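Q: Data file query29.cif (mmCIF, C-alpha atoms) is appended below.
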```
data_my_file
loop_
_atom_site.label_atom_id
_atom_site.label_comp_id
_atom_site.auth_asym_id
_atom_site.auth_seq_id
_atom_site.Cartn_x
_atom_site.Cartn_y
_atom_site.Cartn_z
CA MET A 1 147.77 67.88 112.84
CA SER A 2 148.26 64.48 114.47
CA LEU A 3 145.82 62.64 116.71
CA LYS A 4 148.32 62.90 119.57
CA LYS A 5 148.32 66.71 119.42
CA ALA A 6 144.53 66.86 119.15
CA LEU A 7 144.13 64.61 122.20
CA LEU A 8 146.65 66.76 124.08
CA ILE A 9 144.38 69.77 123.53
CA VAL A 10 141.33 67.80 124.66
CA PHE A 11 142.93 66.41 127.81
CA SER A 12 144.58 69.73 128.72
CA VAL A 13 141.25 71.58 128.56
CA LEU A 14 139.51 68.78 130.45
CA LEU A 15 142.14 68.73 133.19
CA LEU A 16 141.96 72.50 133.69
CA ASP A 17 138.16 72.54 133.55
CA GLN A 18 137.70 69.75 136.08
CA ALA A 19 140.46 71.00 138.39
CA VAL A 20 138.80 74.42 138.66
CA LYS A 21 135.34 72.89 139.11
CA LEU A 22 136.53 70.51 141.83
CA TYR A 23 138.28 73.34 143.67
CA VAL A 24 135.23 75.61 143.54
CA LYS A 25 132.86 72.81 144.51
CA THR A 26 134.96 71.85 147.54
CA HIS A 27 135.86 75.38 148.71
CA PHE A 28 132.76 77.52 147.98
CA HIS A 29 129.14 77.31 149.00
CA LEU A 30 126.52 78.08 146.37
CA GLY A 31 126.33 81.80 145.65
CA GLU A 32 129.68 82.62 147.25
CA SER A 33 131.98 84.90 145.27
CA VAL A 34 135.51 86.25 145.42
CA LYS A 35 136.52 89.45 143.62
CA VAL A 36 139.68 89.01 141.56
CA PHE A 37 139.37 92.37 139.79
CA ASP A 38 136.53 94.88 139.60
CA TRP A 39 135.60 93.34 136.25
CA PHE A 40 136.22 89.66 137.14
CA LYS A 41 134.88 87.49 139.96
CA ILE A 42 134.91 83.83 140.90
CA TYR A 43 131.21 83.34 141.53
CA PHE A 44 129.94 79.82 142.27
CA VAL A 45 126.62 78.94 140.64
CA GLU A 46 125.18 75.72 139.24
CA ASN A 47 122.79 75.17 136.35
CA ASN A 48 120.62 72.32 135.18
CA GLY A 49 120.76 73.03 131.51
CA MET A 50 122.71 74.58 128.73
CA ALA A 51 125.80 76.76 128.49
CA PHE A 52 126.10 80.07 130.32
CA GLY A 53 123.55 79.12 132.96
CA ALA A 54 120.51 78.58 130.75
CA GLU A 55 117.76 76.31 132.06
CA TRP A 56 115.55 73.95 130.07
CA GLY A 57 112.78 71.46 130.75
CA GLY A 58 113.17 70.43 134.42
CA GLU A 59 114.28 66.86 135.32
CA THR A 60 113.04 65.31 132.08
CA GLY A 61 114.71 68.03 130.05
CA LYS A 62 117.90 67.54 132.04
CA ILE A 63 118.02 63.80 131.29
CA LEU A 64 117.22 64.35 127.62
CA LEU A 65 119.85 67.07 127.37
CA THR A 66 122.47 64.82 128.98
CA VAL A 67 121.65 61.95 126.60
CA PHE A 68 121.75 64.35 123.65
CA ARG A 69 125.16 65.60 124.79
CA ILE A 70 126.51 62.05 124.97
CA ILE A 71 125.31 61.37 121.42
CA ALA A 72 126.73 64.71 120.28
CA ILE A 73 130.11 63.88 121.82
CA ALA A 74 130.22 60.64 119.83
CA GLY A 75 129.48 62.61 116.65
CA ILE A 76 132.12 65.27 117.42
CA LEU A 77 134.70 62.57 118.16
CA TYR A 78 133.95 60.92 114.81
CA TRP A 79 134.29 64.31 113.10
CA LEU A 80 137.65 64.84 114.78
CA LEU A 81 139.00 61.42 113.81
CA THR A 82 137.88 61.69 110.18
CA SER A 83 139.30 65.24 109.93
CA ILE A 84 142.68 64.02 111.17
CA LYS A 85 142.60 61.06 108.80
CA LYS A 86 141.84 63.36 105.85
CA LYS A 87 144.61 65.75 106.96
CA GLU A 88 142.24 68.70 107.21
CA HIS A 89 143.44 72.20 108.09
CA PRO A 90 145.03 72.38 111.59
CA LEU A 91 142.63 75.16 112.62
CA LEU A 92 139.69 72.86 111.95
CA ILE A 93 141.20 70.12 114.10
CA ILE A 94 141.98 72.60 116.89
CA SER A 95 138.42 73.94 116.85
CA ILE A 96 136.88 70.45 116.90
CA SER A 97 139.22 69.45 119.74
CA LEU A 98 138.13 72.49 121.81
CA ILE A 99 134.44 71.82 121.16
CA LEU A 100 134.89 68.14 122.08
CA ALA A 101 136.76 69.00 125.29
CA GLY A 102 134.08 71.49 126.32
CA ALA A 103 131.26 69.06 125.65
CA ILE A 104 132.98 66.29 127.64
CA GLY A 105 133.79 68.72 130.47
CA ASN A 106 130.14 69.63 131.02
CA ILE A 107 128.87 66.08 130.53
CA ILE A 108 131.13 64.90 133.36
CA ASP A 109 129.28 67.29 135.69
CA SER A 110 125.89 66.13 134.45
CA VAL A 111 126.61 62.41 134.68
CA PHE A 112 128.76 62.14 137.81
CA TYR A 113 128.58 65.20 140.06
CA GLY A 114 125.15 64.38 141.47
CA GLN A 115 126.53 61.12 142.83
CA ILE A 116 130.01 62.17 143.99
CA PHE A 117 129.00 65.39 145.82
CA THR A 118 126.49 66.55 148.39
CA ASP A 119 124.64 69.77 147.61
CA SER A 120 126.25 73.17 148.10
CA PHE A 121 123.35 75.08 149.66
CA SER A 122 124.78 77.12 152.57
CA GLN A 123 127.61 74.61 152.92
CA ILE A 124 130.80 73.35 151.33
CA ALA A 125 129.99 70.19 149.39
CA GLU A 126 131.29 66.88 150.66
CA ILE A 127 133.03 64.73 148.05
CA PHE A 128 132.28 60.98 147.78
CA PRO A 129 129.41 60.95 150.31
CA ASP A 130 127.23 57.94 151.10
CA LYS A 131 124.48 59.62 149.10
CA GLY A 132 124.86 62.34 146.51
CA TYR A 133 122.55 65.25 145.84
CA ALA A 134 121.07 63.86 142.59
CA PRO A 135 120.68 60.62 140.57
CA TRP A 136 123.00 59.68 137.70
CA LEU A 137 122.58 61.91 134.62
CA GLN A 138 120.98 64.68 136.71
CA GLY A 139 124.00 66.42 138.19
CA LYS A 140 124.34 70.18 137.90
CA VAL A 141 127.02 71.91 135.85
CA VAL A 142 129.42 74.00 137.92
CA ASP A 143 129.98 77.58 136.71
CA MET A 144 132.28 80.16 138.25
CA LEU A 145 133.65 82.68 135.72
CA TYR A 146 131.85 86.00 136.02
CA PHE A 147 132.84 89.13 134.10
CA PRO A 148 130.66 92.11 135.12
CA LEU A 149 132.57 94.48 132.85
CA PHE A 150 130.23 97.40 133.46
CA ASP A 151 126.86 98.33 134.96
CA ILE A 152 124.45 100.93 133.65
CA ASN A 153 121.02 102.22 134.59
CA ILE A 154 118.99 102.48 131.39
CA PRO A 155 117.30 105.90 131.00
CA GLN A 156 113.59 106.01 131.74
CA ASN A 157 112.70 107.42 128.32
CA ILE A 158 113.85 104.30 126.42
CA PRO A 159 110.81 102.15 125.50
CA PHE A 160 110.32 98.72 127.16
CA ILE A 161 113.68 98.61 128.98
CA GLY A 162 113.79 102.10 130.46
CA GLY A 163 114.61 102.33 134.16
CA LYS A 164 116.16 98.87 134.34
CA HIS A 165 119.63 98.00 135.57
CA PHE A 166 121.88 96.27 133.05
CA THR A 167 125.11 94.37 133.67
CA PHE A 168 127.46 93.34 130.90
CA PHE A 169 128.54 90.50 130.84
CA GLU A 170 125.99 88.90 133.18
CA PRO A 171 126.03 85.13 132.46
CA VAL A 172 128.31 82.98 134.62
CA PHE A 173 130.17 80.24 132.75
CA ASN A 174 133.05 77.77 133.03
CA ILE A 175 136.17 76.74 131.14
CA ALA A 176 134.28 74.06 129.19
CA ASP A 177 131.83 76.70 127.93
CA SER A 178 134.79 78.90 126.98
CA ALA A 179 136.42 76.07 125.00
CA ILE A 180 133.21 75.46 123.04
CA THR A 181 132.82 79.17 122.34
CA ILE A 182 136.43 79.56 121.18
CA GLY A 183 136.12 76.47 118.97
CA VAL A 184 132.98 77.84 117.29
CA LEU A 185 134.55 81.29 116.86
CA ILE A 186 137.56 79.72 115.12
CA LEU A 187 135.20 78.04 112.66
CA ILE A 188 133.37 81.32 112.01
CA LEU A 189 136.33 83.69 111.85
CA PHE A 190 138.62 81.41 109.85
CA ASN A 191 135.95 79.71 107.77
CA LYS A 192 137.47 80.77 104.45
CA LYS A 193 140.95 79.72 105.49
CA ILE A 194 139.78 76.36 106.85
CA PHE A 195 137.40 75.35 104.07
CA GLY A 196 138.45 77.69 101.25
CA GLU A 197 141.83 76.07 100.66
CA LYS A 198 140.18 72.69 100.23
CA THR A 199 137.71 74.14 97.71
CA GLU A 200 140.50 75.90 95.81
CA LYS A 201 142.49 72.66 95.71
CA LYS A 202 139.52 70.77 94.23
CA GLU A 203 138.94 73.50 91.64
CA LYS A 204 142.63 73.53 90.73
CA THR A 205 142.64 69.75 90.27
CA PHE A 206 139.51 69.95 88.09
CA HIS A 207 141.01 72.67 85.87
CA GLU A 208 144.25 70.74 85.51
CA GLU A 209 142.35 67.62 84.43
CA MET A 210 140.32 69.61 81.90
CA LYS A 211 143.49 71.21 80.57
CA GLU A 212 145.07 67.78 80.04
CA ILE A 213 141.98 66.54 78.18
CA ILE A 214 142.01 69.58 75.86
CA ASN A 215 145.73 69.36 75.19
CA ASP A 216 145.75 65.60 74.63
CA PRO A 217 143.42 64.49 71.77
CA SER A 218 143.69 60.85 72.75
CA GLN A 219 142.27 61.64 76.18
CA ASN A 220 139.61 63.74 74.54
CA ILE A 221 138.53 60.77 72.41
CA ALA A 222 138.64 58.50 75.46
CA GLN A 223 136.28 60.85 77.30
CA LEU A 224 133.80 60.53 74.43
#
```
Show me this structure written as structure tokens.

A:
Amino acid sequence: MSLKKALLIVFSVLLLDQAVKLYVKTHFHLGESVKVFDWFKIYFVENNGMAFGAEWGGETGKILLTVFRIIAIAGILYWLLTSIKKKEHPLLIISISLILAGAIGNIIDSVFYGQIFTDSFSQIAEIFPDKGYAPWLQGKVVDMLYFPLFDINIPQNIPFIGGKHFTFFEPVFNIADSAITIGVLILILFNKKIFGEKTEKKEKTFHEEMKEIINDPSQNIAQL
């Protein structure tokens, strides 16, 4: 796959991710939701930390996580470029492109959103205010995709969790999170196809070389 096609995937995911986030941020107040189907809602939440709404380490953790993400993006970009140069399997390049797009999508929120928006508590956020809701690198990631597929009340007789209410799938996430998840799933599900062909090619080349050495005495002597 060419660099042009890989970048098309990255920019397409980024454009969709940021368009949805900007719309939600400028049309919803925090905690507001709209039911699309019984099993799917647009539900506006923000998180300080990792994917799917996880939290980690307060302000210091947030800054460290943002810096780590920037470093990780540089590493993923290098991986993408080297994979394209080596003409790796297209599925590998697609998966790396999705992971890269997702990482960049969330880092944009973390780096810029605190400065270009006011907060969304009980109000619709104002874009490009005189003062944003947080310093650089400390913006919150916008999440909105919520899939409460089913709810159950766990029977009382089940140890530890009995009597509790359980919703699946409870975490709220965004398109960037989805891109990262899909990219990782491609690597897992098609691992043999992505990396196996390369291994088989190396083994085939090795066996062909050994066969030539055995069949050609002069090469055999040269190897000695």

Q: In Å, rounded to a single decimal, give me how far CA of Glu46 in chain A is from CA of Trp136 in chain A.

A: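 Those two atoms sit 16.3 Å apart.
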
Q: Selected by the PyMOL selection byres ((chain A and resi 23) around 12) in the shown coordinates: which residues, as a list in words?

A: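 Selection result, ordered by chain and number: Leu16, Asp17, Gln18, Ala19, Val20, Lys21, Leu22, Val24, Lys25, Thr26, His27, Phe28, His29, Ile42, Phe44, Ile124, Ala125, Glu126, Ile127, Val142, Asp143 and Met144 of chain A.
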
Q: List as a list of chain:residue names the protein and nucleic acid residues near His165 in chain A, meaning an atom at most 8 Å away when all atoms listed in the file are counted, but skip any in the same chain fewer than 3 places from it.

A: A:Asp151, A:Ile152, A:Asn153, A:Ile154

Q: I'd like the neighbourhood of Leu145 in chain A as a list in words, where a residue qualifies if any of its atoms comes within 9 Å (using all atoms listed in the file), though same-chain residues fewer than 3 positions away should be ignored.

A: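 Residues meeting the cut-off are Phe40, Lys41, Ile42, Tyr43, Phe44, Pro171, Val172, Phe173, Asn174 and Ile175 of chain A.
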
Q: Compile the contact shell of range 87-98 of chain A as a PDB file with C-alpha atoms, in the coordinates of the input: residues with an atom at most 7 Å away, counting all atoms listed in the file, same-chain residues fewer than 2 positions apart removed.

A:
```pdb
ATOM      1  CA  MET A   1     147.770  67.880 112.840  1.00  0.00           C
ATOM      2  CA  ALA A   6     144.530  66.860 119.150  1.00  0.00           C
ATOM      3  CA  ILE A   9     144.380  69.770 123.530  1.00  0.00           C
ATOM      4  CA  VAL A  10     141.330  67.800 124.660  1.00  0.00           C
ATOM      5  CA  LEU A  80     137.650  64.840 114.780  1.00  0.00           C
ATOM      6  CA  SER A  83     139.300  65.240 109.930  1.00  0.00           C
ATOM      7  CA  ILE A  84     142.680  64.020 111.170  1.00  0.00           C
ATOM      8  CA  LYS A  85     142.600  61.060 108.800  1.00  0.00           C
ATOM      9  CA  LEU A 100     134.890  68.140 122.080  1.00  0.00           C
ATOM     10  CA  ALA A 101     136.760  69.000 125.290  1.00  0.00           C
ATOM     11  CA  GLY A 102     134.080  71.490 126.320  1.00  0.00           C
ATOM     12  CA  ALA A 179     136.420  76.070 125.000  1.00  0.00           C
ATOM     13  CA  ILE A 180     133.210  75.460 123.040  1.00  0.00           C
ATOM     14  CA  GLY A 183     136.120  76.470 118.970  1.00  0.00           C
ATOM     15  CA  VAL A 184     132.980  77.840 117.290  1.00  0.00           C
ATOM     16  CA  ILE A 186     137.560  79.720 115.120  1.00  0.00           C
ATOM     17  CA  LEU A 187     135.200  78.040 112.660  1.00  0.00           C
ATOM     18  CA  ILE A 194     139.780  76.360 106.850  1.00  0.00           C
TER      19      ILE A 194
END
```

Q: Between CA of Asn48 in chain A and CA of Gly61 in chain A, measure the distance and give it in Å to one decimal.

A: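 Separating CA of Asn48 in chain A from CA of Gly61 in chain A is a distance of 8.9 Å.
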
Q: Using only C-alpha atoms, determine which residues lie at most 7 Å from Ile73 in chain A, disregarding the query and same-chain residues fewer than 2 positions distant; provide the list as a list in words.

A: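 So the residues in contact are Arg69, Ile70, Ile71, Gly75, Ile76, Leu77, Leu100, Ala103 and Ile104 of chain A.
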
Q: CA of Gln138 in chain A and CA of Leu64 in chain A, how far apart in Å?

A: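 Between these atoms lies a distance of 9.8 Å.
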
Q: Would you pick out the contacts of Thr66 in chain A at 10 Å or less, using only C-alpha atoms, so that residues sharing its chain but fewer than 3 positions from it are not included, and give the list as a list in words?

A: Asn48, Gly49, Met50, Thr60, Gly61, Lys62, Ile63, Arg69, Ile70, Ile71, Ala72, Asn106, Ile107, Ile108, Asp109, Ser110, Val111, Leu137, Gln138 and Gly139 of chain A

Q: With C-alpha atoms retained, export the selected residues as a PDB file, keeping the file's coordinate frame.

A:
```pdb
ATOM      1  CA  ASN A  48     120.620  72.320 135.180  1.00  0.00           C
ATOM      2  CA  GLY A  49     120.760  73.030 131.510  1.00  0.00           C
ATOM      3  CA  MET A  50     122.710  74.580 128.730  1.00  0.00           C
ATOM      4  CA  THR A  60     113.040  65.310 132.080  1.00  0.00           C
ATOM      5  CA  GLY A  61     114.710  68.030 130.050  1.00  0.00           C
ATOM      6  CA  LYS A  62     117.900  67.540 132.040  1.00  0.00           C
ATOM      7  CA  ILE A  63     118.020  63.800 131.290  1.00  0.00           C
ATOM      8  CA  ARG A  69     125.160  65.600 124.790  1.00  0.00           C
ATOM      9  CA  ILE A  70     126.510  62.050 124.970  1.00  0.00           C
ATOM     10  CA  ILE A  71     125.310  61.370 121.420  1.00  0.00           C
ATOM     11  CA  ALA A  72     126.730  64.710 120.280  1.00  0.00           C
ATOM     12  CA  ASN A 106     130.140  69.630 131.020  1.00  0.00           C
ATOM     13  CA  ILE A 107     128.870  66.080 130.530  1.00  0.00           C
ATOM     14  CA  ILE A 108     131.130  64.900 133.360  1.00  0.00           C
ATOM     15  CA  ASP A 109     129.280  67.290 135.690  1.00  0.00           C
ATOM     16  CA  SER A 110     125.890  66.130 134.450  1.00  0.00           C
ATOM     17  CA  VAL A 111     126.610  62.410 134.680  1.00  0.00           C
ATOM     18  CA  LEU A 137     122.580  61.910 134.620  1.00  0.00           C
ATOM     19  CA  GLN A 138     120.980  64.680 136.710  1.00  0.00           C
ATOM     20  CA  GLY A 139     124.000  66.420 138.190  1.00  0.00           C
TER      21      GLY A 139
END
```

Q: Translate the PyMOL selection byres ((chain A and resi 170) around 9), as applied to the file shown, into an explicit residue set as a short mmCIF file (atom, residue, chain, number, x, y, z; two decimals) with C-alpha atoms, in the coordinates of the input.

A:
```cif
data_model
loop_
_atom_site.label_atom_id
_atom_site.label_comp_id
_atom_site.auth_asym_id
_atom_site.auth_seq_id
_atom_site.Cartn_x
_atom_site.Cartn_y
_atom_site.Cartn_z
CA TYR A 146 131.85 86.00 136.02
CA PHE A 147 132.84 89.13 134.10
CA PRO A 148 130.66 92.11 135.12
CA LEU A 149 132.57 94.48 132.85
CA PHE A 166 121.88 96.27 133.05
CA THR A 167 125.11 94.37 133.67
CA PHE A 168 127.46 93.34 130.90
CA PHE A 169 128.54 90.50 130.84
CA PRO A 171 126.03 85.13 132.46
CA VAL A 172 128.31 82.98 134.62
#
```

Q: So what does the PyMOL selection byres ((chain A and resi 130) around 9) actually pick up in this one, as a PyMOL selection string?

A: chain A and resi 115-116+128-129+131-132

Q: Select, from A:Ile188, A:Ile182, A:Ala176, A:Val36, the residue with the minimum atom-to-atom distance to Phe11 in chain A, counting all atoms listed in the file.

A: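 For Phe11 in chain A, the nearest of the candidates is A:Ala176.
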
Q: Taking into account all atoms listed in the file, which residue in the set A:Val67, A:Ser120, A:Leu81, A:Phe150 is nearest to Glu32 in chain A?

A: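 Nearest candidate to Glu32 in chain A out of A:Val67, A:Ser120, A:Leu81, A:Phe150: A:Ser120.
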
Q: Could you put an axis-aligned box around every listed atom of range 162-176 of chain A, padded by 5 Å on each side, and send me its centre and edge lengths in Å to one decimal, as AutoDock Vina command-line options?

A:
```
--center_x 125.0 --center_y 88.2 --center_z 132.4 --size_x 32.4 --size_y 38.3 --size_z 16.4
```

Q: Could you give me, as a ChimeraX atom specification, the residues that sit within 6 Å of (119.4, 63.9, 143.9) in the file's coordinates, counting all atoms listed in the file?

A: /A:133-135

Q: Given the selection you just returned, output its residues as a file containing C-alpha atoms, formatted as a PDB file, in the coordinates of the input.

A:
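Result file is result.pdb:
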```
ATOM      1  CA  TYR A 133     122.550  65.250 145.840  1.00  0.00           C
ATOM      2  CA  ALA A 134     121.070  63.860 142.590  1.00  0.00           C
ATOM      3  CA  PRO A 135     120.680  60.620 140.570  1.00  0.00           C
TER       4      PRO A 135
END
```

Q: Which of these, A:Leu15, A:Val141, A:Leu8, A:Leu185, has the shortest distance to Tyr113 in chain A once you count all atoms listed in the file?

A: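 Closest to Tyr113 in chain A of all the choices is A:Val141.
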
Q: Could you add whatever atoms are missing so that range 98-116 of chain A carries N, CA and C atoms, then write the result as a compact mmCIF listing (two decimals), keeping the file's coordinate frame?

A:
```
# COMPACT_ATOMS: atom_id res chain seq x y z
N LEU A 98 138.64 71.61 120.75
CA LEU A 98 138.13 72.49 121.81
C LEU A 98 136.65 72.23 122.08
N ILE A 99 135.88 72.09 121.01
CA ILE A 99 134.44 71.82 121.16
C ILE A 99 134.22 70.48 121.86
N LEU A 100 135.00 69.46 121.46
CA LEU A 100 134.89 68.14 122.08
C LEU A 100 135.24 68.20 123.56
N ALA A 101 136.33 68.88 123.89
CA ALA A 101 136.76 69.00 125.29
C ALA A 101 135.70 69.70 126.13
N GLY A 102 135.12 70.77 125.59
CA GLY A 102 134.08 71.49 126.32
C GLY A 102 132.84 70.65 126.55
N ALA A 103 132.45 69.91 125.52
CA ALA A 103 131.26 69.06 125.65
C ALA A 103 131.49 67.96 126.69
N ILE A 104 132.67 67.34 126.66
CA ILE A 104 132.98 66.29 127.64
C ILE A 104 133.06 66.88 129.04
N GLY A 105 133.65 68.08 129.17
CA GLY A 105 133.79 68.72 130.47
C GLY A 105 132.46 68.93 131.15
N ASN A 106 131.46 69.40 130.42
CA ASN A 106 130.14 69.63 131.02
C ASN A 106 129.36 68.33 131.22
N ILE A 107 129.58 67.35 130.36
CA ILE A 107 128.87 66.08 130.53
C ILE A 107 129.36 65.34 131.76
N ILE A 108 130.61 65.52 132.13
CA ILE A 108 131.13 64.90 133.36
C ILE A 108 130.34 65.40 134.56
N ASP A 109 130.08 66.72 134.61
CA ASP A 109 129.28 67.29 135.69
C ASP A 109 127.89 66.66 135.72
N SER A 110 127.27 66.62 134.54
CA SER A 110 125.89 66.13 134.45
C SER A 110 125.75 64.67 134.85
N VAL A 111 126.71 63.86 134.43
CA VAL A 111 126.61 62.41 134.68
C VAL A 111 127.03 62.05 136.09
N PHE A 112 128.13 62.63 136.58
CA PHE A 112 128.76 62.14 137.81
C PHE A 112 128.58 63.02 139.05
N TYR A 113 128.50 64.33 138.89
CA TYR A 113 128.58 65.20 140.06
C TYR A 113 127.44 64.99 141.05
N GLY A 114 126.27 64.62 140.55
CA GLY A 114 125.15 64.38 141.47
C GLY A 114 125.40 63.23 142.42
N GLN A 115 126.24 62.29 142.00
CA GLN A 115 126.53 61.12 142.83
C GLN A 115 127.79 61.28 143.68
N ILE A 116 128.74 62.09 143.24
CA ILE A 116 130.01 62.17 143.99
C ILE A 116 130.08 63.38 144.92
```
